[in-house]
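Structure file final-v4.tsv with TSV, C-alpha atoms:
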chain	number	residue	atom	x	y	z
A	509	MET	CA	130.23	89.82	77.63
A	510	SER	CA	127.14	89.17	79.72
A	511	SER	CA	127.44	88.60	83.46
A	512	GLY	CA	126.17	85.04	83.03
A	513	THR	CA	128.83	84.27	80.40
A	514	GLY	CA	131.53	85.84	82.51
A	515	ARG	CA	130.60	83.77	85.55
A	516	ALA	CA	130.51	80.58	83.49
A	517	ALA	CA	133.95	81.41	82.13
A	518	ALA	CA	135.13	81.95	85.70
A	519	GLY	CA	134.09	78.40	86.54
A	520	ILE	CA	130.88	79.21	88.42
A	521	PRO	CA	128.24	76.54	87.67
A	522	ALA	CA	125.12	77.82	85.90
A	523	SER	CA	122.84	77.02	88.84
A	524	ARG	CA	125.13	78.81	91.26
A	525	SER	CA	125.48	81.72	88.82
A	526	SER	CA	121.68	82.03	88.71
A	527	GLN	CA	121.55	82.06	92.51
A	528	ILE	CA	124.20	84.79	92.58
A	529	ASP	CA	122.06	86.84	90.18
A	530	VAL	CA	119.02	86.37	92.42
A	531	ASP	CA	120.99	87.28	95.53
A	532	GLU	CA	122.46	90.38	93.90
A	533	ARG	CA	119.04	91.52	92.75
A	534	ALA	CA	117.54	90.93	96.19
A	535	GLU	CA	120.31	92.91	97.86
A	536	ARG	CA	119.88	95.78	95.41
A	537	LEU	CA	116.14	95.91	96.15
A	538	ARG	CA	116.88	95.94	99.89
A	539	MET	CA	119.37	98.76	99.34
A	540	TRP	CA	116.72	100.78	97.56
A	541	ALA	CA	114.21	100.01	100.31
A	542	ARG	CA	116.65	101.46	102.85
A	543	ARG	CA	117.17	104.51	100.65
A	544	LEU	CA	113.42	105.12	100.37
A	545	ARG	CA	112.99	104.87	104.15
A	546	SER	CA	115.85	107.29	104.61
A	547	ALA	CA	114.22	109.77	102.22
A	548	ALA	CA	110.95	109.44	104.17
A	549	ARG	CA	112.87	110.82	107.18
A	550	GLU	CA	110.22	110.52	109.88
A	551	GLU	CA	108.20	107.45	110.75
A	552	ALA	CA	105.01	107.47	108.72
A	553	SER	CA	101.72	105.98	109.71
A	554	ALA	CA	101.68	102.19	109.71
A	555	SER	CA	98.30	102.31	108.01
A	556	PRO	CA	98.14	100.32	104.76
A	557	ASP	CA	95.99	103.07	103.26
A	558	PRO	CA	97.21	106.42	101.91
A	559	PRO	CA	96.59	109.39	104.21
A	560	SER	CA	93.68	111.71	103.51
A	561	SER	CA	96.12	114.34	102.25
A	562	ALA	CA	96.68	112.15	99.18
A	563	TRP	CA	93.41	113.36	97.71
A	564	GLY	CA	92.14	116.74	96.67
A	565	ALA	CA	88.59	118.04	96.68
A	566	GLU	CA	86.61	116.06	94.12
A	567	SER	CA	82.94	116.03	93.20
A	568	ARG	CA	83.36	112.25	92.98
A	569	PRO	CA	86.41	110.05	93.58
A	570	ALA	CA	88.85	109.95	90.67
A	571	VAL	CA	89.99	106.56	89.38
A	572	ASP	CA	93.11	106.42	91.55
A	573	ARG	CA	91.19	107.19	94.73
A	574	SER	CA	88.49	104.67	93.80
A	575	LEU	CA	91.16	101.99	93.45
A	576	TRP	CA	92.61	102.71	96.87
A	577	GLN	CA	89.14	102.74	98.40
A	578	ALA	CA	88.47	99.31	96.91
A	579	LEU	CA	91.71	98.04	98.46
A	580	ALA	CA	90.74	99.50	101.83
A	581	ALA	CA	87.80	97.09	101.99
A	582	PRO	CA	89.39	93.69	101.31
A	583	GLY	CA	87.33	90.59	100.88
A	584	PRO	CA	85.91	88.31	98.22
A	585	ASP	CA	84.30	91.24	96.42
A	586	ALA	CA	87.50	93.30	96.08
A	587	ARG	CA	88.35	91.81	92.69
A	588	SER	CA	84.93	92.56	91.21
A	589	ARG	CA	84.94	96.06	92.70
A	590	ILE	CA	88.23	96.84	90.96
A	591	ASP	CA	87.08	95.22	87.71
A	592	GLY	CA	84.02	97.48	87.89
A	593	ILE	CA	85.96	100.75	88.12
A	594	SER	CA	85.64	102.62	84.86
A	595	GLY	CA	88.42	104.63	83.28
A	596	LEU	CA	91.14	101.97	83.42
A	597	ARG	CA	92.85	100.98	80.17
A	598	TRP	CA	93.44	97.27	80.72
A	599	GLU	CA	94.16	96.40	77.09
A	600	GLY	CA	97.12	97.33	74.98
A	601	ALA	CA	100.12	99.41	75.93
A	602	GLY	CA	100.52	102.98	77.09
A	603	PRO	CA	99.32	104.62	80.28
A	604	LEU	CA	96.79	103.04	82.59
A	605	LEU	CA	94.47	106.08	82.64
A	606	GLU	CA	93.15	108.25	79.86
A	607	ARG	CA	94.18	111.89	80.09
A	608	GLY	CA	91.19	114.20	80.03
A	609	ALA	CA	91.23	117.20	77.71
A	610	ALA	CA	91.24	119.57	80.67
A	611	ASP	CA	93.79	117.65	82.77
A	612	ALA	CA	97.10	119.37	83.42
A	613	VAL	CA	99.88	116.89	82.71
A	614	GLU	CA	101.17	117.03	86.30
A	615	VAL	CA	97.73	116.23	87.71
A	616	TRP	CA	97.23	113.38	85.26
A	617	ILE	CA	100.69	111.89	85.93
A	618	ASP	CA	100.05	112.04	89.68
A	619	ARG	CA	96.78	110.16	89.30
A	620	GLU	CA	98.27	107.73	86.80
A	621	LEU	CA	101.16	106.74	89.06
A	622	ALA	CA	98.87	106.57	92.11
A	623	ALA	CA	96.58	104.22	90.19
A	624	MET	CA	99.54	102.07	89.12
A	625	HIS	CA	100.71	101.90	92.74
A	626	ALA	CA	97.26	100.65	93.81
A	627	ILE	CA	96.99	98.12	90.98
A	628	HIS	CA	100.38	96.67	91.87
A	629	ARG	CA	99.26	95.97	95.42
A	630	ALA	CA	95.91	94.66	94.21
A	631	GLY	CA	97.59	92.30	91.76
A	632	ARG	CA	99.78	90.94	94.54
A	633	ILE	CA	96.99	90.49	97.07
A	634	LEU	CA	94.38	89.16	94.65
A	635	ASP	CA	96.77	87.07	92.53
A	636	ARG	CA	96.07	88.79	89.24
A	637	PRO	CA	99.25	88.29	87.14
A	638	GLU	CA	97.56	89.93	84.14
A	639	TRP	CA	97.42	93.18	86.12
A	640	THR	CA	101.14	92.90	86.79
A	641	GLU	CA	101.75	92.38	83.08
A	642	ARG	CA	99.68	95.47	82.28
A	643	LEU	CA	101.81	97.49	84.68
A	644	ARG	CA	104.95	96.41	82.84
A	645	ARG	CA	103.61	97.97	79.68
A	646	ALA	CA	102.65	101.16	81.51
A	647	VAL	CA	106.12	101.40	83.07
A	648	ASP	CA	107.71	101.01	79.63
A	649	TRP	CA	105.51	103.81	78.29
A	650	HIS	CA	106.41	106.19	81.11
A	651	LEU	CA	110.11	105.52	80.70
A	652	GLU	CA	109.79	106.67	77.10
A	653	HIS	CA	107.30	109.52	77.47
A	654	THR	CA	107.25	110.92	81.02
A	655	GLY	CA	109.95	113.48	81.78
A	656	THR	CA	111.28	114.76	85.07
A	657	GLU	CA	109.64	118.11	84.36
A	658	ASN	CA	106.30	116.38	84.92
A	659	ALA	CA	107.24	115.27	88.44
A	660	THR	CA	104.68	116.05	91.11
A	661	HIS	CA	107.11	115.51	94.03
A	662	ARG	CA	104.91	112.62	95.20
A	663	PRO	CA	106.79	109.42	94.33
A	664	TRP	CA	103.85	107.15	93.55
A	665	SER	CA	104.92	103.82	92.01
A	666	VAL	CA	108.63	104.47	92.57
A	667	HIS	CA	109.01	100.78	93.44
A	668	LEU	CA	107.57	99.70	90.08
A	669	PHE	CA	110.41	101.40	88.25
A	670	LEU	CA	112.95	99.88	90.63
A	671	LEU	CA	111.44	96.44	90.14
A	672	GLU	CA	111.71	96.88	86.37
A	673	GLY	CA	115.44	96.92	87.01
A	674	SER	CA	116.91	98.60	83.94
A	675	PRO	CA	119.33	101.54	84.25
A	676	GLU	CA	116.70	103.79	82.65
A	677	ALA	CA	114.07	102.71	85.17
A	678	GLU	CA	116.41	103.22	88.12
A	679	PHE	CA	117.26	106.68	86.78
A	680	PHE	CA	113.55	107.51	86.65
A	681	ALA	CA	113.09	106.29	90.23
A	682	SER	CA	116.15	108.24	91.36
A	683	GLY	CA	114.57	111.36	89.89
A	684	GLN	CA	111.40	110.75	91.86
A	685	VAL	CA	113.31	110.39	95.13
A	686	HIS	CA	115.51	113.38	94.34
A	687	ALA	CA	112.43	115.54	93.72
A	688	VAL	CA	111.11	114.70	97.20
A	689	VAL	CA	114.45	115.43	98.85
A	690	VAL	CA	114.87	118.77	97.06
A	691	GLU	CA	111.28	119.82	97.70
A	692	HIS	CA	111.69	119.23	101.44
A	693	ALA	CA	115.37	120.04	101.90
A	694	ASP	CA	114.81	121.76	105.25
A	695	GLY	CA	112.68	119.06	106.82
A	696	PRO	CA	110.89	115.75	106.37
A	697	PRO	CA	108.58	115.19	103.39
A	698	ASP	CA	104.88	115.85	103.62
A	699	VAL	CA	102.82	113.09	105.18
A	700	CYS	CA	101.64	111.71	101.85
A	701	SER	CA	105.11	111.51	100.25
A	702	SER	CA	106.52	109.92	103.39
A	703	TRP	CA	103.77	107.29	103.36
A	704	ILE	CA	104.38	106.56	99.66
A	705	LEU	CA	108.11	106.08	100.19
A	706	ARG	CA	107.60	103.69	103.10
A	707	ASP	CA	104.90	101.73	101.32
A	708	ALA	CA	107.15	101.39	98.28
A	709	ALA	CA	109.98	100.22	100.55
A	710	ARG	CA	107.69	97.53	101.98
A	711	GLU	CA	106.92	96.33	98.46
A	712	LEU	CA	110.63	96.16	97.62
A	713	ASP	CA	111.26	94.10	100.75
A	714	LEU	CA	108.52	91.69	99.69
A	715	ALA	CA	110.03	91.43	96.22
A	716	ALA	CA	113.47	90.80	97.69
A	717	GLU	CA	111.97	87.91	99.64
A	718	GLY	CA	110.61	86.44	96.42
A	719	ALA	CA	107.01	87.62	96.91
A	720	ALA	CA	104.57	87.54	94.01
A	721	SER	CA	104.62	91.34	93.84
A	722	ARG	CA	107.94	91.28	91.98
A	723	LEU	CA	108.10	92.47	88.37
A	724	PRO	CA	110.92	90.31	86.96

Output the file's structure as structure tokens, nothing else.
Amino acid sequence: MSSGTGRAAAGIPASRSSQIDVDERAERLRMWARRLRSAAREEASASPDPPSSAWGAESRPAVDRSLWQALAAPGPDARSRIDGISGLRWEGAGPLLERGAADAVEVWIDRELAAMHAIHRAGRILDRPEWTERLRRAVDWHLEHTGTENATHRPWSVHLFLLEGSPEAEFFASGQVHAVVVEHADGPPDVCSSWILRDAARELDLAAEGAASRLP
């Protein structure tokens, strides 16, 4: 029996039942936001931009870094700057980035999830629902194809899996958080991981408040 059917049978009006569902979902997102902040341990920078330690030495910025750089310079041109970044797979299903022949899977997954994290914020700020829809398809692909052995211990996009809301997605997100905790068992996470966790927590709080960033 579905929860909606059960509540109707219990005499809860449909409209009230729907509100209960919304309230329960909002509280679960807030719970996860608290858990992410707890895993971050120490107060991270309040900067909206990832710390410099997020990026390695590159002859030119990779796609994920280019996306975050575009977000760091908001304004009327931000949308066109993001649209102009090459290497993003906007159409179809599957991952957002192509994996290069020489890319180690861990490096590619790190960049992929970092790019998804950036696109989620961009879609919220710039009101691009089609970007949010594309992220849904990428999340579905990762739930089927990305294993915990590919974890990079940097929990990029953890909030996207929590917003997806299925048990499988929450299990994936739990694995990301667990990897950070295990990696830094004797102290706080590295600056980048701490920033990611707190930024993801902020996005969950926005979603709990009914912000447009939510992935229903």

Neighbours of Arg636 in chain A within 12 Å (only C-alpha atoms; same-chain residues fewer than 3 positions away dropped), as an mmCIF file with C-alpha atoms, in the coordinates of the input?
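Output file result00.cif follows:
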data_model
loop_
_atom_site.group_PDB
_atom_site.id
_atom_site.type_symbol
_atom_site.label_atom_id
_atom_site.label_comp_id
_atom_site.auth_asym_id
_atom_site.auth_seq_id
_atom_site.Cartn_x
_atom_site.Cartn_y
_atom_site.Cartn_z
ATOM 1 C CA ALA A 586 87.500 93.300 96.080
ATOM 2 C CA ARG A 587 88.350 91.810 92.690
ATOM 3 C CA SER A 588 84.930 92.560 91.210
ATOM 4 C CA ILE A 590 88.230 96.840 90.960
ATOM 5 C CA ASP A 591 87.080 95.220 87.710
ATOM 6 C CA ILE A 627 96.990 98.120 90.980
ATOM 7 C CA HIS A 628 100.380 96.670 91.870
ATOM 8 C CA ARG A 629 99.260 95.970 95.420
ATOM 9 C CA ALA A 630 95.910 94.660 94.210
ATOM 10 C CA GLY A 631 97.590 92.300 91.760
ATOM 11 C CA ARG A 632 99.780 90.940 94.540
ATOM 12 C CA ILE A 633 96.990 90.490 97.070
ATOM 13 C CA TRP A 639 97.420 93.180 86.120
ATOM 14 C CA THR A 640 101.140 92.900 86.790
ATOM 15 C CA GLU A 641 101.750 92.380 83.080
ATOM 16 C CA ARG A 642 99.680 95.470 82.280
ATOM 17 C CA LEU A 643 101.810 97.490 84.680
ATOM 18 C CA ALA A 720 104.570 87.540 94.010
ATOM 19 C CA SER A 721 104.620 91.340 93.840
#

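Residues in contact with Glu620 in chain A at 8 Å, where only C-alpha atoms are counted and same-chain residues fewer than 5 positions away are skipped, are listed as Asp572, Pro603, Leu604 and Leu605 of chain A.
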
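When CA of Ala623 in chain A is paired with CA of Val690 in chain A, their separation reads 24.4 Å.
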
Can you pull out the residues contacting Leu537 in chain A? Cut-off 9 Å, using all atoms listed in the file, and skip same-chain residues under 5 positions away; I want them as a PyMOL selection string. chain A and resi 532+542+670-671+709+712-713+715-716

Sorted by chain and rising residue number, which residues of range 619-723 of chain A lie within 8 Å of range 557-561 of chain A, and what are their closest atom pairs and distances in Å to one decimal, counting only C-alpha atoms, as a tab-separated table?
residue	atom	partner	partner_atom	distance
A:Val699	CA	A:Pro559	CA	7.3
A:Cys700	CA	A:Pro559	CA	6.0
A:Trp703	CA	A:Pro558	CA	6.8
A:Ile704	CA	A:Pro558	CA	7.5

Go ahead and save the residues from that selection, with C-alpha atoms, as a PDB file, in the coordinates of the input.
ATOM      1  CA  VAL A 699     102.820 113.090 105.180  1.00  0.00           C
ATOM      2  CA  CYS A 700     101.640 111.710 101.850  1.00  0.00           C
ATOM      3  CA  TRP A 703     103.770 107.290 103.360  1.00  0.00           C
ATOM      4  CA  ILE A 704     104.380 106.560  99.660  1.00  0.00           C
TER       5      ILE A 704
END

Atom pair CA of His625 in chain A / CA of His692 in chain A: separation (Å): 22.3 Å

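Residue nearest Ser555 in chain A, chosen from A:Glu678, A:Asp707, A:Asp694, A:Glu652 and counting all atoms listed in the file: A:Asp707.
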
What is the CA of Leu596 in chain A-CA of Glu638 in chain A distance in Å, reported with one decimal? 13.7 Å

Would you mind telling me which residue in A:Gly655, A:Glu614, A:Ser702, A:Asp585 lies nearest to Phe679 in chain A when using only C-alpha atoms? A:Gly655

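Shortest atom-to-atom contact with Ala570 in chain A among A:Trp649, A:Phe669, A:Trp616, A:Trp540: A:Trp616, counting all atoms listed in the file.
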
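Close contacts of Ala681 in chain A, defined as residues with an atom at most 9 Å away when counting all atoms listed in the file, with chain neighbours fewer than 5 positions off set aside, comprise Pro663, Ser665, Val666, His667, Leu668, Phe669, Leu670, Glu676 and His686 of chain A.
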